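Asker: Dropping a structure here in structure tokens format, bear with me for questions.
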Amino acid sequence: MNPEKVHYAKLIDSVEERILGGGAILRDEAEALLSTPDEFLQRLLAAADRIRIRFKGTKFDSCSLINARSGRCGEDCAFCAQSAHHGTDCDVYALKPGEEILAAARAAKESGAARFCTVTSGGALSAREFEDLVKSLEKVHAEVDIELDASLGFMDDERAERLASAGVTRYNHNLETSKDYYSKICTTHRFDQRVDTVRTVMNKGFSACSGGIMGMGETPLQRLDLAFTLAELGVDCVPINILNPRPGTPLYNTAQPEPLEILKTVAIFRLILPKATIKIAGGRERNLGDFQAMALRSGANGMIIGGYLTTGGRCVEEDINMVRKAGFVIS
Ligand code: SF4
């Protein structure tokens, strides 16, 4: 579609009506919406909000993370402070003991998080580390009333089954960016390997959590590619991170998207993924600033709270307060 000839009000209204009726947005419609002029932006955000209300209601999905093994990763993801290929000052430590993971899960529950996600750096844990972690998660599952997520890198069938038996219900493995931009972000593994892990965990019955990072130098069309790939895979949960450039990483000097561009992206992701949980995640504080609450009325219905893997977040009470004031219910 030629952006100069698009009637934006009609386009937004017809796409919304179709999605609310159970249909899907077309690729060329999503491309046209990338050029939504400012005077129609509120209309687009409001449409995404109504679609969120229809398909996801007001229940909020909050997730608290523990970085259970940090740094020394052999992969070279250009955004990541934990890669051993970059000269960063991130914390480096081995797998945390079970008591620390249990204490973090209890703290997550007390803070109001609905889910607790255990994350480890690197491609995969050793057999010994994996078994230790499974035992830790079994204990958390037995003692803390919170949904368990895990993000442990590449996954095979056998390990996925062990994690499921330990009580883990959701597995996170972000695709990070589009297939054709992936080689600019990582050269030590392929995009298709990431897709394989998402498929593996879905085949084993996990709720799949997979999203990406915007602001890594990708084009808006490549962001759409990512969203349509996630929709084709049928993932349940889509974290949208916005790059928080870390000193020492190759992306440190990358220009950052403006808040209105981020809100537009969140809204278009909602149109492409009407039934998914869409979480605003890492980098929201730095890149959205005062616009964070608006993201919750532009299609998002979840957040990561309490900080990220190598950077802190803002005060949890402030976040929970914002979520309630935006009209959500925290379970
Ligand atoms: S994103 Fe994950 S795989 Fe990539 S460098 Fe960081 S810890 Fe390693």
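Residue numbering restarts at 1 in every chain; chains get A, B, ... in the order shown in the structure tokens, and ligands count up from 1 in that same order.
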Give me the residues within 10 Å of Tyr93 in chain A as a short mmCIF file (atom, residue, chain, number, x, y, z; two decimals) with N, CA and C atoms, in the first residue's frame, counting only C-alpha atoms and dropping any in the same chain fewer than 2 places off.
Answerer:
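Output saved as part18.cif:
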data_model
loop_
_atom_site.label_atom_id
_atom_site.label_comp_id
_atom_site.auth_asym_id
_atom_site.auth_seq_id
_atom_site.Cartn_x
_atom_site.Cartn_y
_atom_site.Cartn_z
N ASN A 67 18.47 -14.46 37.59
CA ASN A 67 19.59 -14.85 36.74
C ASN A 67 20.40 -15.89 37.53
N ALA A 68 20.12 -17.16 37.27
CA ALA A 68 20.65 -18.22 38.13
C ALA A 68 22.07 -18.64 37.76
N ARG A 69 22.53 -18.28 36.59
CA ARG A 69 23.93 -18.48 36.20
C ARG A 69 24.28 -17.34 35.25
N SER A 70 25.30 -16.58 35.60
CA SER A 70 25.53 -15.34 34.86
C SER A 70 26.89 -15.31 34.18
N GLY A 71 26.89 -14.76 32.96
CA GLY A 71 28.14 -14.45 32.26
C GLY A 71 28.82 -15.65 31.61
N ARG A 72 29.99 -15.37 31.05
CA ARG A 72 30.86 -16.38 30.41
C ARG A 72 30.13 -17.18 29.32
N CYS A 90 29.83 -7.37 33.41
CA CYS A 90 28.68 -8.03 34.05
C CYS A 90 29.16 -9.05 35.09
N ASP A 91 28.29 -9.33 36.04
CA ASP A 91 28.60 -10.33 37.07
C ASP A 91 28.81 -11.69 36.42
N LEU A 95 26.11 -21.67 38.66
CA LEU A 95 24.70 -21.89 38.98
C LEU A 95 24.43 -21.65 40.47
N LYS A 96 23.40 -20.88 40.76
CA LYS A 96 23.08 -20.55 42.15
C LYS A 96 22.55 -21.78 42.88
N SER A 121 22.59 -18.18 31.75
CA SER A 121 23.33 -17.72 30.57
C SER A 121 23.87 -18.92 29.81
#
Asker: Residues within 9 Å of Asp61 in chain A, please, as a CSV table (one decimal) with C-alpha atoms, in the first residue's frame. Count only C-alpha atoms; anything in the same chain fewer than 5 positions from it doesn't count.
Answerer:
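Final output, around21.csv:
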chain,number,residue,atom,x,y,z
A,113,ALA,CA,4.5,-11.6,40.5
A,114,ALA,CA,2.3,-14.2,38.9
A,115,ARG,CA,5.3,-16.1,37.5
A,277,THR,CA,0.2,-12.3,26.3
A,278,ILE,CA,2.3,-9.3,25.3
A,279,LYS,CA,4.8,-8.2,27.9
A,301,ASN,CA,-1.0,-7.0,29.2
A,302,GLY,CA,2.1,-8.1,31.0
A,303,MET,CA,5.5,-6.9,32.3
A,304,ILE,CA,8.6,-8.2,33.7
A,330,ILE,CA,-3.0,-8.6,39.4
A,331,SER,CA,-3.6,-12.2,40.3
Asker: Identify, on the basis of only C-alpha atoms, every residue whose closest approach to Ser298 in chain A does not exceed 8 Å; exclude the query and any residue fewer than 2 positions from it along the same chain; express the result as a list in words.
Answerer: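 Once the adjacent positions are removed, what remains is Leu45, Ala46, Ala47, Ala48, Asp49, Leu263, Lys264, Val266, Ala267, Met294, Ala295, Leu296 and Ala300 of chain A.
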Asker: Could those selected residues go to a file with C-alpha atoms, as a PDB file, in the first residue's frame?
Answerer:
ATOM      1  CA  LEU A  45      -3.412   2.384  20.122  1.00  0.00           C
ATOM      2  CA  ALA A  46      -7.072   2.398  21.201  1.00  0.00           C
ATOM      3  CA  ALA A  47      -7.898  -0.345  18.683  1.00  0.00           C
ATOM      4  CA  ALA A  48      -5.072  -2.491  20.058  1.00  0.00           C
ATOM      5  CA  ASP A  49      -6.339  -1.833  23.579  1.00  0.00           C
ATOM      6  CA  LEU A 263       3.935   2.250  21.416  1.00  0.00           C
ATOM      7  CA  LYS A 264       3.083   1.872  17.734  1.00  0.00           C
ATOM      8  CA  VAL A 266       3.399  -2.759  20.716  1.00  0.00           C
ATOM      9  CA  ALA A 267      -0.003  -1.958  19.175  1.00  0.00           C
ATOM     10  CA  MET A 294       0.464   4.029  27.897  1.00  0.00           C
ATOM     11  CA  ALA A 295       1.989   0.763  26.654  1.00  0.00           C
ATOM     12  CA  LEU A 296      -0.454  -1.004  28.992  1.00  0.00           C
ATOM     13  CA  ALA A 300       0.356  -4.937  26.273  1.00  0.00           C
TER      14      ALA A 300
END
Asker: Measuring between only C-alpha atoms, which one of A:Thr187, A:Thr197, A:Ile12, A:Lys109 shows the shortest distance to Ser151 in chain A?
Answerer: A:Thr197
Asker: Could you list, as a PyMOL selection string, all the residues within 7 Å of ligand 1, counting only C-alpha atoms and all ligand atoms?
Answerer: chain A and resi 71+73-77+80-83+121-123+153
Asker: Quick one: write out the picked residues with N, CA and C atoms as a compact mmCIF listing (two decimals), in the first residue's frame?
Answerer:
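Generated output (selection16.txt):
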# COMPACT_ATOMS: atom_id res chain seq x y z
N GLY A 71 26.89 -14.76 32.96
CA GLY A 71 28.14 -14.45 32.26
C GLY A 71 28.82 -15.65 31.61
N CYS A 73 29.22 -16.56 28.64
CA CYS A 73 28.50 -17.29 27.60
C CYS A 73 29.35 -17.33 26.32
N GLY A 74 29.40 -18.49 25.69
CA GLY A 74 30.20 -18.66 24.48
C GLY A 74 29.56 -18.11 23.21
N GLU A 75 28.27 -17.73 23.30
CA GLU A 75 27.60 -17.16 22.13
C GLU A 75 27.98 -15.68 22.02
N ASP A 76 27.72 -15.10 20.84
CA ASP A 76 28.19 -13.71 20.66
C ASP A 76 27.06 -12.72 20.38
N CYS A 77 25.91 -12.94 20.98
CA CYS A 77 24.76 -12.03 20.78
C CYS A 77 25.19 -10.59 21.05
N CYS A 80 24.20 -8.52 24.21
CA CYS A 80 24.19 -9.16 25.52
C CYS A 80 25.48 -8.92 26.32
N ALA A 81 25.29 -8.42 27.53
CA ALA A 81 26.43 -8.16 28.42
C ALA A 81 27.05 -9.45 28.94
N GLN A 82 26.32 -10.58 28.80
CA GLN A 82 26.83 -11.84 29.36
C GLN A 82 27.70 -12.63 28.38
N SER A 83 27.82 -12.14 27.16
CA SER A 83 28.65 -12.85 26.18
C SER A 83 30.13 -12.70 26.52
N SER A 121 22.59 -18.18 31.75
CA SER A 121 23.33 -17.72 30.57
C SER A 121 23.87 -18.92 29.81
N GLY A 122 24.10 -18.69 28.53
CA GLY A 122 24.78 -19.72 27.74
C GLY A 122 23.84 -20.62 26.99
N GLY A 123 24.41 -21.43 26.11
CA GLY A 123 23.62 -22.28 25.24
C GLY A 123 22.87 -23.37 25.98
N GLY A 153 18.25 -21.72 27.63
CA GLY A 153 18.92 -21.90 26.35
C GLY A 153 18.30 -23.01 25.53
Asker: Enumerate the residues of range 149-250 of chain A with a DSSP assignment of helix (DSSP H, G or I), computed from the backbone, and present them as a VMD selection string.
Answerer: chain A and resid 157 to 165 182 to 185 191 to 203 220 to 233
Asker: Please measure the separation of CA of Glu39 in chain A and CA of Ile25 in chain A, giving the value in Å to one decimal.
Answerer: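 Separation between CA of Glu39 in chain A and CA of Ile25 in chain A: 21.4 Å.
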